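Engineer: Structure file upload_31.tsv (TSV, C-alpha atoms) right here:
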```
chain	number	residue	atom	x	y	z
A	1	THR	CA	-0.77	14.90	13.28
A	2	MET	CA	-4.51	14.49	13.87
A	3	ILE	CA	-6.21	17.84	14.44
A	4	LEU	CA	-9.32	18.02	16.64
A	5	ASP	CA	-11.30	21.22	17.11
A	6	ARG	CA	-14.75	22.85	17.13
A	7	ILE	CA	-16.19	24.07	13.83
A	8	GLU	CA	-16.28	27.68	15.02
A	9	HIS	CA	-12.46	27.58	14.97
A	10	PHE	CA	-12.10	26.20	11.42
A	11	GLU	CA	-10.57	29.43	10.08
A	12	ARG	CA	-7.37	28.65	12.03
A	13	TYR	CA	-6.69	25.86	9.52
A	14	ILE	CA	-7.41	27.61	6.20
A	15	GLU	CA	-3.71	28.35	5.65
A	16	ILE	CA	-2.75	24.67	5.78
A	17	ILE	CA	-5.97	23.25	4.28
A	18	PRO	CA	-7.70	25.92	2.14
A	19	GLU	CA	-10.51	23.47	1.27
A	20	ILE	CA	-11.71	23.43	4.88
A	21	TYR	CA	-13.75	26.58	4.16
A	22	ASP	CA	-15.83	24.71	1.55
A	23	VAL	CA	-16.12	21.68	3.83
A	24	ILE	CA	-17.56	23.71	6.72
A	25	LYS	CA	-19.93	25.56	4.36
A	26	PHE	CA	-21.10	22.14	3.11
A	27	VAL	CA	-21.64	20.98	6.70
A	28	GLU	CA	-23.77	24.09	7.34
A	29	LYS	CA	-25.80	23.36	4.18
A	30	THR	CA	-26.20	19.72	5.27
A	31	LYS	CA	-27.65	20.84	8.61
A	32	LYS	CA	-29.85	23.61	7.19
A	33	GLU	CA	-31.31	21.53	4.35
A	34	ASN	CA	-31.11	18.14	6.12
A	35	LEU	CA	-29.31	16.68	3.11
A	36	PRO	CA	-29.63	12.90	2.78
A	37	ALA	CA	-26.81	10.36	3.04
A	38	GLY	CA	-24.77	10.14	-0.16
A	39	LYS	CA	-21.76	11.39	-2.07
A	40	TYR	CA	-21.42	15.06	-3.03
A	41	PRO	CA	-18.69	16.82	-5.06
A	42	LEU	CA	-16.32	19.25	-3.33
A	43	GLN	CA	-13.39	21.30	-4.57
A	44	ASN	CA	-10.38	18.92	-4.82
A	45	GLY	CA	-12.38	15.98	-3.54
A	46	PHE	CA	-15.80	14.89	-2.36
A	47	ALA	CA	-17.97	14.62	0.74
A	48	LEU	CA	-19.87	11.65	2.05
A	49	ILE	CA	-22.85	12.25	4.29
A	50	GLN	CA	-23.05	9.18	6.50
A	51	GLU	CA	-25.73	8.09	8.93
A	52	GLY	CA	-25.52	5.02	11.07
A	53	THR	CA	-24.99	3.32	14.39
A	54	THR	CA	-21.59	3.08	15.99
A	55	ARG	CA	-19.70	-0.21	16.26
A	56	ARG	CA	-17.48	-1.75	18.92
A	57	PHE	CA	-13.78	-0.89	18.74
A	58	ASP	CA	-12.99	-4.61	18.46
A	59	ASP	CA	-15.12	-4.81	15.31
A	60	ALA	CA	-13.01	-2.22	13.46
A	61	ASP	CA	-9.50	-1.99	12.05
A	62	PHE	CA	-7.42	1.14	11.99
A	63	GLU	CA	-7.60	2.90	8.61
A	64	VAL	CA	-4.81	4.87	6.94
A	65	HIS	CA	-5.19	6.94	3.75
A	66	ARG	CA	-2.25	8.05	1.59
A	67	GLU	CA	-3.83	10.18	-1.15
A	68	TYR	CA	-6.61	12.02	0.67
A	69	LEU	CA	-6.93	14.05	3.83
A	70	ASP	CA	-10.02	13.19	5.88
A	71	ILE	CA	-12.01	16.01	7.44
A	72	GLN	CA	-14.75	14.43	9.55
A	73	VAL	CA	-17.51	16.49	11.15
A	74	ILE	CA	-20.23	15.16	13.45
A	75	VAL	CA	-23.56	16.76	12.52
A	76	SER	CA	-25.70	14.96	15.10
A	77	GLY	CA	-25.27	12.18	17.63
A	78	SER	CA	-21.75	11.20	18.62
A	79	GLU	CA	-18.98	8.72	17.97
A	80	TYR	CA	-15.68	7.67	19.41
A	81	VAL	CA	-12.61	7.60	17.20
A	82	GLU	CA	-9.52	5.66	18.19
A	83	TYR	CA	-6.31	7.33	17.02
A	84	ALA	CA	-2.73	6.06	16.71
A	85	ASP	CA	0.30	7.17	14.72
A	86	MET	CA	0.67	4.57	11.97
A	87	THR	CA	4.29	3.90	12.98
A	88	THR	CA	2.94	2.25	16.15
A	89	LEU	CA	0.54	0.00	14.20
A	90	LYS	CA	0.96	-3.25	12.31
A	91	THR	CA	-0.31	-3.56	8.75
A	92	ASN	CA	-3.01	-6.16	8.07
A	93	GLY	CA	-2.09	-6.48	4.39
A	94	PRO	CA	-1.28	-4.44	1.31
A	95	CYS	CA	-2.71	-0.99	0.78
A	96	ASP	CA	-5.76	-0.96	-1.53
A	97	LEU	CA	-4.63	1.82	-3.88
A	98	GLU	CA	-8.00	2.03	-5.63
A	99	LYS	CA	-9.80	2.70	-2.33
A	100	ASP	CA	-6.84	4.62	-0.80
A	101	LEU	CA	-7.15	2.35	2.22
A	102	GLU	CA	-4.69	0.40	4.33
A	103	LEU	CA	-6.05	-1.56	7.29
A	104	MET	CA	-3.89	-1.86	10.41
A	105	SER	CA	-4.09	-3.17	13.96
A	106	GLY	CA	-2.76	-2.06	17.33
A	107	GLU	CA	-3.69	0.19	20.22
A	108	GLY	CA	-4.51	3.89	20.29
A	109	SER	CA	-6.25	6.67	22.19
A	110	LYS	CA	-10.06	6.81	22.26
A	111	ILE	CA	-11.62	10.24	21.78
A	112	LEU	CA	-15.32	11.18	22.06
A	113	ILE	CA	-16.49	13.30	19.12
A	114	LYS	CA	-19.62	15.38	19.69
A	115	PRO	CA	-21.72	17.55	17.33
A	116	ASP	CA	-20.03	20.58	15.76
A	117	THR	CA	-16.61	19.02	16.32
A	118	PHE	CA	-14.30	18.13	13.46
A	119	TYR	CA	-11.11	16.17	13.11
A	120	ILE	CA	-8.55	16.16	10.33
A	121	LEU	CA	-6.54	13.06	9.51
A	122	TYR	CA	-3.25	12.98	7.61
A	123	PRO	CA	-1.56	9.97	5.94
A	124	THR	CA	0.32	9.13	9.16
A	125	ASP	CA	-2.89	8.98	11.22
A	126	GLY	CA	-4.34	5.56	11.93
A	127	HIS	CA	-7.98	5.89	12.95
A	128	LYS	CA	-11.03	3.81	13.83
A	129	PRO	CA	-14.06	6.07	13.32
A	130	CYS	CA	-17.72	5.42	14.14
A	131	CYS	CA	-17.11	3.46	17.34
A	132	HIS	CA	-18.59	3.35	20.87
A	133	GLU	CA	-17.32	2.37	24.29
A	134	ASP	CA	-20.30	0.58	25.89
A	135	ILE	CA	-23.58	1.54	24.23
A	136	PRO	CA	-24.13	2.06	20.48
A	137	THR	CA	-25.12	5.58	19.43
A	138	ASN	CA	-26.63	6.96	16.25
A	139	TYR	CA	-24.74	9.58	14.29
A	140	LYS	CA	-24.87	11.73	11.19
A	141	LYS	CA	-21.57	13.03	9.90
A	142	VAL	CA	-19.86	14.61	6.94
A	143	LEU	CA	-16.70	12.86	5.81
A	144	ALA	CA	-14.79	15.08	3.39
A	145	LYS	CA	-12.00	13.54	1.32
A	146	ILE	CA	-9.56	16.15	0.04
A	147	LYS	CA	-6.98	15.10	-2.56
A	148	ILE	CA	-3.55	15.83	-1.09
A	149	ASP	CA	-1.50	18.53	-2.79
A	150	ARG	CA	1.89	18.13	-1.14
A	151	SER	CA	2.91	21.72	-1.93
A	152	VAL	CA	-0.19	23.11	-0.15
A	153	HIS	CA	-1.01	20.61	2.58
A	154	LYS	CA	2.51	20.23	4.07
A	155	VAL	CA	2.44	16.44	3.76
A	156	ASP	CA	5.70	14.52	3.33
```
Produce structure tokens that represent the structure in this file.
Structural biologist:
Amino acid sequence: TMILDRIEHFERYIEIIPEIYDVIKFVEKTKKENLPAGKYPLQNGFALIQEGTTRRFDDADFEVHREYLDIQVIVSGSEYVEYADMTTLKTNGPCDLEKDLELMSGEGSKILIKPDTFYILYPTDGHKPCCHEDIPTNYKKVLAKIKIDRSVHKVD
């Protein structure tokens, strides 16, 4: 179910994820004010501004989240994300309910994410964010975590 698009098209998704409006406005504020890395409150969730250097795909596990939607937006730099439907992955252990995190392994599709691009991840979406193919890159991104409301977000 992963959605990948440019931020200028975010309004297409307001009907299924109303909080995306606030997420994109926060991304614009982050760019305009050069907000530092950290955790910031959002309606029905929170945002993490992250800065770092990408890692090798082999150094990461797939992540799956059950209680939050991820909306990830690259502000500067770039990253690769590897995506796979969780039904094609193998679990690496029990889900950490406190962190809303299950780690999995397997193979997926690698996608280059550039500035002003966002992707939305649902509970069925295994993903390895913040990766690189050959050469590490620096990135700054907003990772918004939106608490799932099954009546609004069309999640099973």
Engineer: Please return, as a ChimeraX atom specification, all polymer residues that have at least one atom within 12 Å of the point (-4.1, 17.7, -0.5); use only C-alpha atoms and the file's own coordinate frame.
Structural biologist: /A:16-20,43-45,65-71,120-123,144-156
Engineer: Just how far from atom CA of Phe10 of chain A is atom CA of Lys140 of chain A, in Å to one decimal?
Structural biologist: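 Taking atom CA of Lys140 of chain A and atom CA of Phe10 of chain A, their separation equals 19.3 Å.
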Engineer: Give me, please, the distance in Å between atom CA of Asp5 of chain A and atom CA of Asp116 of chain A, quoted to one decimal.
Structural biologist: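 So the answer is 8.9 Å.
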Engineer: Looking at A:Asp85, A:Thr30, A:Asp58, A:Gly93, which one is nearest to Glu133 of chain A, with distances taken over only C-alpha atoms?
Structural biologist: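 Answer, going by the shortest atom-to-atom distance: A:Asp58.
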Engineer: I need every residue sitting at most 12 Å from the point (-24.8, 5.9, 8.6) (coordinates as in the file, only C-alpha atoms considered), written as a list in words.
Structural biologist: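 The residues that fall inside the cut-off are Pro36, Ala37, Gly38, Leu48, Ile49, Gln50, Glu51, Gly52, Thr53, Thr54, Arg55, Ile74, Val75, Ser76, Gly77, Ser78, Glu79, Pro129, Cys130, Cys131, Thr137, Asn138, Tyr139, Lys140, Lys141, Val142 and Leu143 of chain A.
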Engineer: Would you compute the distance between atom CA of Glu107 of chain A and atom CA of Arg12 of chain A? Give it in Å to one decimal.
Structural biologist: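 According to the coordinates, atom CA of Glu107 of chain A and atom CA of Arg12 of chain A are separated by 29.8 Å.
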Engineer: With all atoms listed in the file as the basis for distance, which of A:Tyr21, A:Tyr13, A:Phe26, A:Phe62 is at the shortest distance from Met104 of chain A?
Structural biologist: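 For Met104 of chain A, the nearest of the candidates is A:Phe62.
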Engineer: Tell me which of A:Leu101, A:Ala84, A:Ile135, A:Val27 sits closest to Arg56 of chain A, counting all atoms listed in the file.
Structural biologist: A:Ile135
Engineer: Just want the 8 Å neighbourhood of Ile7 of chain A, counted on all atoms listed in the file, with same-chain residues fewer than 5 positions away dropped. Output as a compact mmCIF listing (two decimals) with C-alpha atoms, in the frame of the given file.
Structural biologist:
```txt
# COMPACT_ATOMS: atom_id res chain seq x y z
CA ILE A 24 -17.56 23.71 6.72
CA ASP A 116 -20.03 20.58 15.76
CA THR A 117 -16.61 19.02 16.32
CA PHE A 118 -14.30 18.13 13.46
```
Engineer: Counting all atoms listed in the file, figure out which residue out of A:Val73, A:Ser105, A:Tyr80, A:Tyr119 gets nearest to Ile3 of chain A.
Structural biologist: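 Closest to Ile3 of chain A, using all atoms listed in the file: A:Tyr119.
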Engineer: From the list A:Ile14, A:Leu42, A:Val81, A:Val23, which residue is nearest Lys114 of chain A when using all atoms listed in the file?
Structural biologist: A:Val81
Engineer: Using only C-alpha atoms, which of A:Ala60, A:His127, A:Leu103, A:Glu98 sits nearest Tyr83 of chain A?
Structural biologist: A:His127
